[in-house]
>>> print(open('my_file.cif').read())   # mmCIF, C-alpha atoms
data_run
#
loop_
_atom_site.group_PDB
_atom_site.id
_atom_site.type_symbol
_atom_site.label_atom_id
_atom_site.label_comp_id
_atom_site.auth_asym_id
_atom_site.auth_seq_id
_atom_site.Cartn_x
_atom_site.Cartn_y
_atom_site.Cartn_z
ATOM 1 C CA MET A 1 7.713 -13.917 14.423
ATOM 2 C CA MET A 2 8.468 -14.647 10.781
ATOM 3 C CA ALA A 3 9.924 -11.780 8.773
ATOM 4 C CA THR A 4 7.725 -10.367 6.037
ATOM 5 C CA ARG A 5 8.615 -8.680 2.782
ATOM 6 C CA ALA A 6 8.542 -5.069 4.018
ATOM 7 C CA GLU A 7 9.406 -5.321 7.697
ATOM 8 C CA GLN A 8 10.756 -1.761 7.601
ATOM 9 C CA PHE A 9 7.114 -0.623 7.360
ATOM 10 C CA ALA A 10 5.914 -2.708 10.300
ATOM 11 C CA GLY A 11 4.385 -0.685 13.120
ATOM 12 C CA LEU A 12 2.324 2.483 12.982
ATOM 13 C CA SER A 13 1.721 4.369 9.767
ATOM 14 C CA VAL A 14 -0.664 7.313 9.914
ATOM 15 C CA ALA A 15 -2.974 8.308 7.069
ATOM 16 C CA ILE A 16 -2.645 12.050 7.536
ATOM 17 C CA VAL A 17 -5.305 14.600 6.645
ATOM 18 C CA THR A 18 -4.842 17.299 4.036
ATOM 19 C CA PRO A 19 -5.463 20.603 5.831
ATOM 20 C CA PHE A 20 -7.425 23.269 3.962
ATOM 21 C CA ARG A 21 -7.860 26.965 4.637
ATOM 22 C CA ASP A 22 -10.273 29.056 2.571
ATOM 23 C CA GLY A 23 -10.521 26.302 -0.006
ATOM 24 C CA LYS A 24 -6.798 25.883 -0.589
ATOM 25 C CA VAL A 25 -4.261 23.383 0.753
ATOM 26 C CA ASP A 26 -2.669 24.856 3.878
ATOM 27 C CA TYR A 27 0.953 23.781 3.450
ATOM 28 C CA LYS A 28 2.097 25.344 6.721
ATOM 29 C CA ALA A 29 -0.481 23.312 8.618
ATOM 30 C CA LEU A 30 0.516 20.244 6.602
ATOM 31 C CA GLU A 31 4.109 20.664 7.756
ATOM 32 C CA GLU A 32 2.871 20.922 11.352
ATOM 33 C CA GLN A 33 0.811 17.734 10.977
ATOM 34 C CA VAL A 34 3.842 15.888 9.621
ATOM 35 C CA GLU A 35 6.106 17.207 12.362
ATOM 36 C CA PHE A 36 3.588 16.065 14.984
ATOM 37 C CA GLN A 37 3.869 12.515 13.643
ATOM 38 C CA VAL A 38 7.659 12.627 13.384
ATOM 39 C CA GLN A 39 7.896 13.689 17.026
ATOM 40 C CA ALA A 40 5.492 10.909 18.028
ATOM 41 C CA GLY A 41 7.907 8.386 16.531
ATOM 42 C CA VAL A 42 5.602 6.780 13.985
ATOM 43 C CA THR A 43 7.058 4.471 11.357
ATOM 44 C CA CYS A 44 5.518 6.190 8.353
ATOM 45 C CA VAL A 45 3.094 8.855 7.192
ATOM 46 C CA CYS A 46 0.663 8.262 4.325
ATOM 47 C CA PRO A 47 -0.494 11.508 2.710
ATOM 48 C CA VAL A 48 -3.104 11.902 -0.049
ATOM 49 C CA GLY A 49 -5.041 8.761 0.723
ATOM 50 C CA THR A 50 -8.728 8.548 1.603
ATOM 51 C CA THR A 51 -8.094 10.442 4.835
ATOM 52 C CA GLY A 52 -6.168 13.027 2.838
ATOM 53 C CA GLU A 53 -9.208 13.647 0.581
ATOM 54 C CA SER A 54 -7.300 12.680 -2.538
ATOM 55 C CA PRO A 55 -10.484 12.402 -4.673
ATOM 56 C CA THR A 56 -11.002 16.172 -4.427
ATOM 57 C CA LEU A 57 -7.395 17.246 -4.915
ATOM 58 C CA SER A 58 -6.342 18.394 -8.357
ATOM 59 C CA HIS A 59 -3.428 16.532 -9.926
ATOM 60 C CA PRO A 60 -1.050 19.469 -9.279
ATOM 61 C CA GLU A 61 -2.194 19.593 -5.625
ATOM 62 C CA HIS A 62 -1.783 15.837 -5.271
ATOM 63 C CA ARG A 63 1.779 15.994 -6.552
ATOM 64 C CA GLU A 64 2.635 19.062 -4.476
ATOM 65 C CA VAL A 65 1.350 17.509 -1.249
ATOM 66 C CA ILE A 66 3.525 14.437 -1.856
ATOM 67 C CA SER A 67 6.553 16.648 -2.495
ATOM 68 C CA ALA A 68 5.872 18.815 0.576
ATOM 69 C CA VAL A 69 5.550 15.807 2.886
ATOM 70 C CA VAL A 70 8.746 14.187 1.586
ATOM 71 C CA LYS A 71 10.592 17.483 2.047
ATOM 72 C CA THR A 72 9.278 18.017 5.574
ATOM 73 C CA VAL A 73 10.040 14.461 6.692
ATOM 74 C CA ALA A 74 13.593 14.788 5.352
ATOM 75 C CA GLY A 75 14.325 11.093 5.812
ATOM 76 C CA ARG A 76 13.435 10.975 9.524
ATOM 77 C CA ILE A 77 10.547 8.535 9.013
ATOM 78 C CA LYS A 78 9.104 6.846 5.949
ATOM 79 C CA VAL A 79 6.636 8.359 3.484
ATOM 80 C CA MET A 80 4.065 6.244 1.626
ATOM 81 C CA PRO A 81 1.690 8.486 -0.359
ATOM 82 C CA GLY A 82 -1.494 7.362 -1.994
ATOM 83 C CA THR A 83 -1.078 7.163 -5.772
ATOM 84 C CA GLY A 84 -4.055 5.043 -6.763
ATOM 85 C CA SER A 85 -6.741 5.678 -9.345
ATOM 86 C CA ASN A 86 -9.383 3.782 -11.282
ATOM 87 C CA SER A 87 -7.342 4.693 -14.349
ATOM 88 C CA THR A 88 -4.199 2.593 -14.594
ATOM 89 C CA GLU A 89 -2.404 5.296 -16.582
ATOM 90 C CA GLU A 90 -3.259 7.946 -13.981
ATOM 91 C CA ALA A 91 -2.077 5.683 -11.150
ATOM 92 C CA LEU A 92 1.177 5.114 -13.029
ATOM 93 C CA GLU A 93 1.711 8.845 -13.493
ATOM 94 C CA LEU A 94 1.217 9.583 -9.783
ATOM 95 C CA THR A 95 3.342 6.595 -8.742
ATOM 96 C CA ARG A 96 6.216 7.708 -10.949
ATOM 97 C CA TRP A 97 5.969 11.202 -9.445
ATOM 98 C CA ALA A 98 6.151 9.811 -5.898
ATOM 99 C CA ALA A 99 9.212 7.738 -6.782
ATOM 100 C CA GLN A 100 10.849 10.706 -8.482
ATOM 101 C CA VAL A 101 10.513 13.034 -5.469
ATOM 102 C CA GLY A 102 11.806 10.479 -2.959
ATOM 103 C CA ALA A 103 8.840 8.648 -1.420
ATOM 104 C CA ASP A 104 9.773 5.358 0.260
ATOM 105 C CA ALA A 105 6.759 3.393 -1.003
ATOM 106 C CA VAL A 106 3.337 4.008 -2.515
ATOM 107 C CA LEU A 107 -0.156 3.094 -1.361
ATOM 108 C CA ILE A 108 -2.302 2.119 -4.348
ATOM 109 C CA VAL A 109 -6.013 1.555 -3.829
ATOM 110 C CA SER A 110 -7.721 -0.966 -6.078
ATOM 111 C CA PRO A 111 -9.604 0.653 -8.966
ATOM 112 C CA TYR A 112 -12.969 1.981 -7.830
ATOM 113 C CA TYR A 113 -16.300 2.491 -9.636
ATOM 114 C CA ASN A 114 -15.393 0.606 -12.809
ATOM 115 C CA ARG A 115 -15.251 -2.665 -10.790
ATOM 116 C CA PRO A 116 -12.700 -4.690 -12.779
ATOM 117 C CA THR A 117 -12.629 -8.466 -12.686
ATOM 118 C CA GLN A 118 -9.965 -10.281 -10.657
ATOM 119 C CA GLU A 119 -7.971 -10.573 -13.882
ATOM 120 C CA GLY A 120 -8.340 -6.841 -14.425
ATOM 121 C CA LEU A 121 -7.127 -6.152 -10.879
ATOM 122 C CA TYR A 122 -4.157 -8.426 -11.446
ATOM 123 C CA GLN A 123 -3.231 -6.765 -14.744
ATOM 124 C CA HIS A 124 -3.598 -3.288 -13.208
ATOM 125 C CA PHE A 125 -1.136 -3.980 -10.387
ATOM 126 C CA LYS A 126 1.114 -6.066 -12.637
ATOM 127 C CA LEU A 127 1.590 -3.141 -14.999
ATOM 128 C CA LEU A 128 2.382 -0.789 -12.111
ATOM 129 C CA ALA A 129 4.796 -3.250 -10.491
ATOM 130 C CA GLN A 130 6.687 -3.765 -13.735
ATOM 131 C CA ALA A 131 6.846 -0.044 -14.528
ATOM 132 C CA VAL A 132 8.403 1.173 -11.253
ATOM 133 C CA ASP A 133 10.906 -0.064 -8.679
ATOM 134 C CA ILE A 134 9.330 1.604 -5.633
ATOM 135 C CA PRO A 135 7.673 -0.746 -3.100
ATOM 136 C CA ILE A 136 3.909 -0.964 -3.555
ATOM 137 C CA CYS A 137 1.269 -1.411 -0.860
ATOM 138 C CA VAL A 138 -1.954 -2.738 -2.403
ATOM 139 C CA TYR A 139 -4.945 -1.171 -0.654
ATOM 140 C CA ASN A 140 -7.998 -3.429 -0.478
ATOM 141 C CA ILE A 141 -11.129 -1.630 0.703
ATOM 142 C CA PRO A 142 -14.134 -3.211 -1.034
ATOM 143 C CA GLY A 143 -16.621 -1.058 0.899
ATOM 144 C CA ARG A 144 -15.370 1.955 -1.053
ATOM 145 C CA THR A 145 -14.246 0.404 -4.319
ATOM 146 C CA GLY A 146 -17.078 -2.048 -4.922
ATOM 147 C CA ARG A 147 -14.719 -4.974 -5.532
ATOM 148 C CA ASN A 148 -12.773 -7.216 -3.142
ATOM 149 C CA ILE A 149 -9.279 -8.272 -4.162
ATOM 150 C CA GLU A 150 -9.579 -12.001 -3.546
ATOM 151 C CA PRO A 151 -6.800 -13.861 -1.711
ATOM 152 C CA GLU A 152 -6.011 -15.846 -4.859
ATOM 153 C CA THR A 153 -5.281 -12.573 -6.662
ATOM 154 C CA PHE A 154 -2.932 -11.528 -3.878
ATOM 155 C CA LEU A 155 -1.128 -14.858 -4.272
ATOM 156 C CA ARG A 156 -0.538 -14.023 -7.943
ATOM 157 C CA LEU A 157 0.535 -10.450 -7.166
ATOM 158 C CA ALA A 158 3.027 -11.680 -4.576
ATOM 159 C CA GLU A 159 5.133 -12.978 -7.474
ATOM 160 C CA PHE A 160 6.266 -9.388 -8.117
ATOM 161 C CA PRO A 161 9.065 -8.461 -5.685
ATOM 162 C CA ASN A 162 8.103 -4.808 -5.294
ATOM 163 C CA ILE A 163 4.492 -5.621 -4.435
ATOM 164 C CA ALA A 164 5.527 -5.711 -0.821
ATOM 165 C CA MET A 165 2.542 -4.788 1.337
ATOM 166 C CA VAL A 166 -1.216 -5.043 1.693
ATOM 167 C CA LYS A 167 -3.472 -2.566 3.466
ATOM 168 C CA GLU A 168 -6.392 -4.824 4.354
ATOM 169 C CA ALA A 169 -9.762 -3.187 5.010
ATOM 170 C CA SER A 170 -12.067 -5.995 3.902
ATOM 171 C CA GLY A 171 -12.969 -6.746 7.522
ATOM 172 C CA SER A 172 -12.285 -10.446 6.946
ATOM 173 C CA LEU A 173 -9.807 -12.121 9.277
ATOM 174 C CA ASP A 174 -10.082 -15.232 7.097
ATOM 175 C CA GLN A 175 -8.829 -13.214 4.142
ATOM 176 C CA VAL A 176 -5.981 -11.743 6.191
ATOM 177 C CA SER A 177 -5.088 -15.212 7.467
ATOM 178 C CA GLN A 178 -4.955 -16.626 3.948
ATOM 179 C CA ILE A 179 -2.611 -13.841 2.816
ATOM 180 C CA THR A 180 -0.308 -14.122 5.830
ATOM 181 C CA THR A 181 -0.275 -17.929 5.642
ATOM 182 C CA GLN A 182 0.443 -18.269 1.938
ATOM 183 C CA THR A 183 2.665 -15.237 1.209
ATOM 184 C CA ASP A 184 5.368 -13.144 2.845
ATOM 185 C CA LEU A 185 3.544 -9.892 2.052
ATOM 186 C CA THR A 186 3.546 -7.391 4.909
ATOM 187 C CA VAL A 187 -0.096 -6.974 5.912
ATOM 188 C CA LEU A 188 -1.166 -3.722 7.567
ATOM 189 C CA SER A 189 -4.615 -3.209 9.029
ATOM 190 C CA GLY A 190 -6.836 -0.713 7.240
ATOM 191 C CA ASP A 191 -9.251 -0.506 10.174
ATOM 192 C CA ASP A 192 -8.079 0.958 13.484
ATOM 193 C CA SER A 193 -10.426 -1.186 15.546
ATOM 194 C CA LEU A 194 -9.146 -4.397 13.919
ATOM 195 C CA THR A 195 -5.437 -3.684 14.334
ATOM 196 C CA LEU A 196 -4.857 -6.062 17.243
ATOM 197 C CA PRO A 197 -6.951 -8.937 15.787
ATOM 198 C CA ILE A 198 -5.162 -8.581 12.442
ATOM 199 C CA MET A 199 -1.758 -8.607 14.137
ATOM 200 C CA ALA A 200 -2.822 -11.737 16.002
ATOM 201 C CA VAL A 201 -3.136 -13.585 12.661
ATOM 202 C CA GLY A 202 0.111 -12.278 11.171
ATOM 203 C CA GLY A 203 -0.458 -8.606 10.404
ATOM 204 C CA ARG A 204 2.434 -6.270 11.086
ATOM 205 C CA GLY A 205 0.749 -3.002 12.036
ATOM 206 C CA VAL A 206 -1.765 -0.468 10.816
ATOM 207 C CA ILE A 207 -2.274 2.488 8.516
ATOM 208 C CA SER A 208 -4.260 4.462 11.045
ATOM 209 C CA VAL A 209 -6.811 7.271 11.014
ATOM 210 C CA ILE A 210 -7.058 7.856 14.765
ATOM 211 C CA GLY A 211 -3.262 8.048 14.766
ATOM 212 C CA ASN A 212 -3.821 11.638 13.625
ATOM 213 C CA ILE A 213 -4.734 12.465 17.241
ATOM 214 C CA VAL A 214 -3.376 9.590 19.400
ATOM 215 C CA PRO A 215 -0.284 8.252 17.609
ATOM 216 C CA LYS A 216 1.601 7.446 20.810
ATOM 217 C CA ASP A 217 -1.265 5.310 22.119
ATOM 218 C CA MET A 218 -1.594 3.361 18.873
ATOM 219 C CA LYS A 219 2.159 2.870 18.860
ATOM 220 C CA ALA A 220 2.080 1.638 22.463
ATOM 221 C CA MET A 221 -0.484 -1.043 21.604
ATOM 222 C CA ILE A 222 1.513 -2.273 18.614
ATOM 223 C CA GLU A 223 4.784 -2.337 20.541
ATOM 224 C CA ALA A 224 3.210 -4.198 23.458
ATOM 225 C CA PHE A 225 2.026 -6.905 21.069
ATOM 226 C CA GLU A 226 5.398 -7.103 19.324
ATOM 227 C CA GLN A 227 7.124 -7.498 22.699
ATOM 228 C CA GLY A 228 4.824 -10.377 23.614
ATOM 229 C CA ASN A 229 2.993 -8.407 26.309
ATOM 230 C CA LEU A 230 -0.461 -9.505 25.222
ATOM 231 C CA SER A 231 -2.291 -8.289 28.317
ATOM 232 C CA GLU A 232 -0.886 -4.785 27.819
ATOM 233 C CA ALA A 233 -1.755 -4.858 24.120
ATOM 234 C CA LEU A 234 -5.305 -5.919 24.979
ATOM 235 C CA ARG A 235 -5.556 -3.143 27.566
ATOM 236 C CA TRP A 236 -4.642 -0.589 24.904
ATOM 237 C CA HIS A 237 -7.056 -2.186 22.427
ATOM 238 C CA LYS A 238 -9.919 -1.876 24.907
ATOM 239 C CA ARG A 239 -9.009 1.761 25.568
ATOM 240 C CA LEU A 240 -8.667 2.673 21.889
ATOM 241 C CA PHE A 241 -11.650 0.704 20.579
ATOM 242 C CA PRO A 242 -14.416 3.082 21.777
ATOM 243 C CA LEU A 243 -12.535 6.045 20.307
ATOM 244 C CA ALA A 244 -12.218 4.345 16.926
ATOM 245 C CA ARG A 245 -15.779 3.019 16.927
ATOM 246 C CA ASP A 246 -17.603 6.070 18.292
ATOM 247 C CA MET A 247 -15.627 8.724 16.441
ATOM 248 C CA LEU A 248 -15.143 7.093 13.055
ATOM 249 C CA GLY A 249 -18.675 5.697 13.079
ATOM 250 C CA LEU A 250 -20.229 9.166 13.104
ATOM 251 C CA ALA A 251 -19.772 9.848 9.393
ATOM 252 C CA THR A 252 -17.649 9.036 6.380
ATOM 253 C CA ASN A 253 -13.893 9.284 6.904
ATOM 254 C CA PRO A 254 -12.289 11.873 7.116
ATOM 255 C CA ILE A 255 -15.245 13.978 8.326
ATOM 256 C CA PRO A 256 -15.016 12.876 12.005
ATOM 257 C CA ILE A 257 -11.218 12.971 12.312
ATOM 258 C CA LYS A 258 -11.083 16.476 10.844
ATOM 259 C CA ALA A 259 -13.803 17.589 13.259
ATOM 260 C CA ALA A 260 -11.849 16.073 16.155
ATOM 261 C CA MET A 261 -8.667 17.819 15.068
ATOM 262 C CA ARG A 262 -10.546 21.132 14.905
ATOM 263 C CA LEU A 263 -11.880 20.634 18.441
ATOM 264 C CA LEU A 264 -8.334 19.849 19.590
ATOM 265 C CA GLY A 265 -6.957 22.986 17.912
ATOM 266 C CA ARG A 266 -4.934 21.127 15.307
ATOM 267 C CA ASP A 267 -6.865 21.798 12.086
ATOM 268 C CA THR A 268 -9.494 24.115 10.641
ATOM 269 C CA GLY A 269 -11.732 21.101 10.067
ATOM 270 C CA GLU A 270 -12.404 22.381 6.571
ATOM 271 C CA LEU A 271 -13.547 19.808 4.024
ATOM 272 C CA ARG A 272 -14.128 19.849 0.290
ATOM 273 C CA LEU A 273 -17.450 18.970 -1.256
ATOM 274 C CA PRO A 274 -19.022 16.502 -1.546
ATOM 275 C CA LEU A 275 -17.918 15.970 2.084
ATOM 276 C CA THR A 276 -19.803 18.115 4.599
ATOM 277 C CA PRO A 277 -19.253 18.826 8.328
ATOM 278 C CA LEU A 278 -20.813 16.904 11.172
ATOM 279 C CA SER A 279 -24.272 17.996 12.261
ATOM 280 C CA PRO A 280 -24.541 19.726 15.682
ATOM 281 C CA GLU A 281 -25.897 16.480 17.115
ATOM 282 C CA GLN A 282 -22.993 14.478 15.711
ATOM 283 C CA GLU A 283 -20.466 17.007 16.985
ATOM 284 C CA ALA A 284 -21.995 16.795 20.455
ATOM 285 C CA LYS A 285 -21.476 13.020 20.379
ATOM 286 C CA LEU A 286 -17.900 13.534 19.198
ATOM 287 C CA ARG A 287 -17.218 15.886 22.123
ATOM 288 C CA VAL A 288 -18.447 13.213 24.542
ATOM 289 C CA THR A 289 -16.206 10.598 22.911
ATOM 290 C CA LEU A 290 -13.154 12.862 23.113
ATOM 291 C CA LYS A 291 -13.943 13.740 26.732
ATOM 292 C CA ASN A 292 -14.370 10.102 27.674
ATOM 293 C CA TYR A 293 -10.951 9.387 26.208
ATOM 294 C CA GLY A 294 -9.416 12.315 28.092
ATOM 295 C CA LEU A 295 -8.621 14.444 25.057
ATOM 296 C CA LEU A 296 -11.077 17.207 25.942
ATOM 297 C CA SER A 297 -11.815 18.573 29.397
#
>>> encode(input="my_file.cif", output="C-alpha cells")
Amino acid sequence: MMATRAEQFAGLSVAIVTPFRDGKVDYKALEEQVEFQVQAGVTCVCPVGTTGESPTLSHPEHREVISAVVKTVAGRIKVMPGTGSNSTEEALELTRWAAQVGADAVLIVSPYYNRPTQEGLYQHFKLLAQAVDIPICVYNIPGRTGRNIEPETFLRLAEFPNIAMVKEASGSLDQVSQITTQTDLTVLSGDDSLTLPIMAVGGRGVISVIGNIVPKDMKAMIEAFEQGNLSEALRWHKRLFPLARDMLGLATNPIPIKAAMRLLGRDTGELRLPLTPLSPEQEAKLRVTLKNYGLLS
C-alpha cells in the first residue's frame, strides 16, 4: 500500500459527542468519553465536530472542549478537533487556538450556508493553510454544507504541504478514487457504512460516529483490511453495516448516537436545540437495533 501524506492518522478516528448536563457541557463525562476511546486503542479523537454539536457551542465552550480533550488525552493518542466555520476569520481563530493548546491536527468543514464557488473554497483553505503549520483535514460533506468540494479543487489544495487529509462524506467513490489516484492526501471516510468501500479505493480509515459505542469493532474491521484479510474485513463490514444504517438513519446525527449512549449508560442523551430527542417510536427501533447487535439484552 502506498504511503499517504498523513499516515499517522490512518485507522480509526472517532468523532466524539459533547456531553451535556442541565444545559451545560459536562466536562467530567467528556473526560470519561475520551478515556473510553484511549482504552479502546483508537488512533485519534475528533471533538467539536458535527457529532460534538459544535454549531450550538459558544466560542468559549468550543475552545474549552478542545483544551479539555487535549489535556485528558495527554499525548496517548492523537487529537483532531473541528475548527471549521463559514467565516474564514472565525475558522482561523479556532484553528490557531487548537494549535496553541497542542492539538495534533484540525478538522475543517467546508463553509456552509453561504455556498462559495470552487475558487472561494480554494481561497478559504489556502488562507488557513498559509496561516498555520498544523496539519489540516478538509471535511467535505455537501449534504450539510450545500456545496461539494470538487476533485479538481482538492488537486489544487494538495499543493499546500499541511493540507494533509480529507474527510470524504460526498458518498461518491468516483470522487474518492480521483483524490487517491491523483494526490497523496490521506483520505478518511466520513460515512461509517462506506468505510470498507472507501478503503478499497485507497482510503486510509474513518472518522466514525458509531465508534462512540463500538470502537473496537470498527478498529477490527480496519485492521483486518490493512493486514490483507479481506474476508475478515468483509465479515466485520456486514456485522457493522446494519448498526450504522439502522441507528444513524433514524434522525440527524448526533441525535441517534446520543440516544444510544444514554441507553447504554454512557451519556445523558441531552441535546441542544434545534436538535430534539428521538420519538418513542424511533427509540423503540433503536432498542431493537442495539439488541440485534448484542449491545442491549
>>> closest_residue(input="my_file.cif", among="A:Gly49, A:His59, A:Met218, A:Phe36", to="Thr72 in chain A", atoms="all atoms listed in the file")
A:Phe36
>>> closest_residue(input="my_file.cif", among="A:Ile222, A:Ala105, A:Ile149, A:Ala284", to="Ile134 in chain A", atoms="only C-alpha atoms")
A:Ala105
>>> residues_around(input="my_file.cif", residues="Val34 in chain A", least_positions_apart="5", cutoff="8 Å", atoms="all atoms listed in the file", output="PyMOL selection string")
chain A and resi 16+45+69+72-73
>>> write_last_selection(input="my_file.cif", atoms="C-alpha atoms", output="PDB file, keeping the file's coordinate frame")
ATOM      1  CA  ILE A  16      -2.645  12.050   7.536  1.00  0.00           C
ATOM      2  CA  VAL A  45       3.094   8.855   7.192  1.00  0.00           C
ATOM      3  CA  VAL A  69       5.550  15.807   2.886  1.00  0.00           C
ATOM      4  CA  THR A  72       9.278  18.017   5.574  1.00  0.00           C
ATOM      5  CA  VAL A  73      10.040  14.461   6.692  1.00  0.00           C
TER       6      VAL A  73
END
>>> closest_residue(input="my_file.cif", among="A:Asp267, A:Glu53, A:Asp104, A:Asp191", to="Ile141 in chain A", atoms="only C-alpha atoms")
A:Asp191
>>> resolve_selection(input="my_file.cif", expression="the PyMOL selection byres ((chain A and resi 271) around 10)", output="list in words")
Thr18, Pro19, Phe20, Arg21, Asp22, Gly23, Glu53, Thr56, Pro254, Ile255, Lys258, Ala259, Thr268, Gly269, Glu270, Arg272, Leu273, Pro274, Leu275, Thr276 and Pro277 of chain A
>>> closest_residue(input="my_file.cif", among="A:Leu230, A:Ser58, A:Leu250, A:Glu150", to="Pro280 in chain A", atoms="all atoms listed in the file")
A:Leu250
>>> residues_around(input="my_file.cif", residues="Ala220 in chain A", least_positions_apart="3", cutoff="9 Å", atoms="all atoms listed in the file", output="VMD selection string")
chain A and resid 215 to 217 223 to 225 232 to 233 236
>>> closest_residue(input="my_file.cif", among="A:Ile257, A:Val79, A:Leu264, A:Ile179", to="Phe154 in chain A", atoms="all atoms listed in the file")
A:Ile179
>>> resolve_selection(input="my_file.cif", expression="the PyMOL selection byres ((chain A and resi 180) around 12)", output="ChimeraX atom specification")
/A:1-5,151,154-155,158,165-166,168,173-179,181-188,198-204
>>> closest_residue(input="my_file.cif", among="A:Ala251, A:Ala244, A:Leu295, A:Val132", to="Gly265 in chain A", atoms="only C-alpha atoms")
A:Leu295
>>> decode(input="my_file.cif", residues="range 100-107 of chain A", atoms="all heavy atoms", output="PDB file, in the first residue's frame")
ATOM      1  N   GLN A 100      -2.413  26.167  19.371  1.00  0.00           N
ATOM      2  CA  GLN A 100      -1.789  26.732  20.567  1.00  0.00           C
ATOM      3  C   GLN A 100      -1.872  25.789  21.763  1.00  0.00           C
ATOM      4  O   GLN A 100      -0.927  25.681  22.550  1.00  0.00           O
ATOM      5  CB  GLN A 100      -2.479  28.053  20.919  1.00  0.00           C
ATOM      6  CG  GLN A 100      -1.993  28.733  22.183  1.00  0.00           C
ATOM      7  CD  GLN A 100      -2.805  29.978  22.505  1.00  0.00           C
ATOM      8  OE1 GLN A 100      -3.239  30.698  21.598  1.00  0.00           O
ATOM      9  NE2 GLN A 100      -3.054  30.225  23.772  1.00  0.00           N
ATOM     10  N   VAL A 101      -2.997  25.074  21.905  1.00  0.00           N
ATOM     11  CA  VAL A 101      -3.172  24.219  23.093  1.00  0.00           C
ATOM     12  C   VAL A 101      -2.686  22.791  22.876  1.00  0.00           C
ATOM     13  O   VAL A 101      -2.802  21.953  23.769  1.00  0.00           O
ATOM     14  CB  VAL A 101      -4.638  24.214  23.574  1.00  0.00           C
ATOM     15  CG1 VAL A 101      -5.069  25.613  23.976  1.00  0.00           C
ATOM     16  CG2 VAL A 101      -5.578  23.624  22.524  1.00  0.00           C
ATOM     17  N   GLY A 102      -2.141  22.489  21.679  1.00  0.00           N
ATOM     18  CA  GLY A 102      -1.474  21.208  21.496  1.00  0.00           C
ATOM     19  C   GLY A 102      -2.214  20.154  20.715  1.00  0.00           C
ATOM     20  O   GLY A 102      -1.861  18.966  20.774  1.00  0.00           O
ATOM     21  N   ALA A 103      -3.247  20.534  19.944  1.00  0.00           N
ATOM     22  CA  ALA A 103      -3.904  19.560  19.068  1.00  0.00           C
ATOM     23  C   ALA A 103      -2.913  19.068  18.012  1.00  0.00           C
ATOM     24  O   ALA A 103      -1.977  19.771  17.635  1.00  0.00           O
ATOM     25  CB  ALA A 103      -5.129  20.179  18.400  1.00  0.00           C
ATOM     26  N   ASP A 104      -3.134  17.854  17.523  1.00  0.00           N
ATOM     27  CA  ASP A 104      -2.223  17.255  16.543  1.00  0.00           C
ATOM     28  C   ASP A 104      -2.578  17.613  15.107  1.00  0.00           C
ATOM     29  O   ASP A 104      -1.726  17.557  14.212  1.00  0.00           O
ATOM     30  CB  ASP A 104      -2.241  15.728  16.694  1.00  0.00           C
ATOM     31  CG  ASP A 104      -1.780  15.297  18.062  1.00  0.00           C
ATOM     32  OD1 ASP A 104      -0.575  15.379  18.326  1.00  0.00           O
ATOM     33  OD2 ASP A 104      -2.632  14.895  18.880  1.00  0.00           O
ATOM     34  N   ALA A 105      -3.833  17.946  14.877  1.00  0.00           N
ATOM     35  CA  ALA A 105      -4.324  18.336  13.550  1.00  0.00           C
ATOM     36  C   ALA A 105      -5.669  19.011  13.769  1.00  0.00           C
ATOM     37  O   ALA A 105      -6.184  19.027  14.892  1.00  0.00           O
ATOM     38  CB  ALA A 105      -4.472  17.120  12.640  1.00  0.00           C
ATOM     39  N   VAL A 106      -6.236  19.560  12.706  1.00  0.00           N
ATOM     40  CA  VAL A 106      -7.565  20.155  12.802  1.00  0.00           C
ATOM     41  C   VAL A 106      -8.440  19.641  11.665  1.00  0.00           C
ATOM     42  O   VAL A 106      -7.957  19.336  10.575  1.00  0.00           O
ATOM     43  CB  VAL A 106      -7.520  21.697  12.761  1.00  0.00           C
ATOM     44  CG1 VAL A 106      -6.965  22.253  14.056  1.00  0.00           C
ATOM     45  CG2 VAL A 106      -6.729  22.209  11.561  1.00  0.00           C
ATOM     46  N   LEU A 107      -9.723  19.530  11.962  1.00  0.00           N
ATOM     47  CA  LEU A 107     -10.726  19.086  11.005  1.00  0.00           C
ATOM     48  C   LEU A 107     -11.556  20.310  10.624  1.00  0.00           C
ATOM     49  O   LEU A 107     -12.261  20.870  11.469  1.00  0.00           O
ATOM     50  CB  LEU A 107     -11.602  18.008  11.636  1.00  0.00           C
ATOM     51  CG  LEU A 107     -12.771  17.470  10.822  1.00  0.00           C
ATOM     52  CD1 LEU A 107     -12.273  16.727   9.590  1.00  0.00           C
ATOM     53  CD2 LEU A 107     -13.631  16.556  11.693  1.00  0.00           C
TER      54      LEU A 107
END
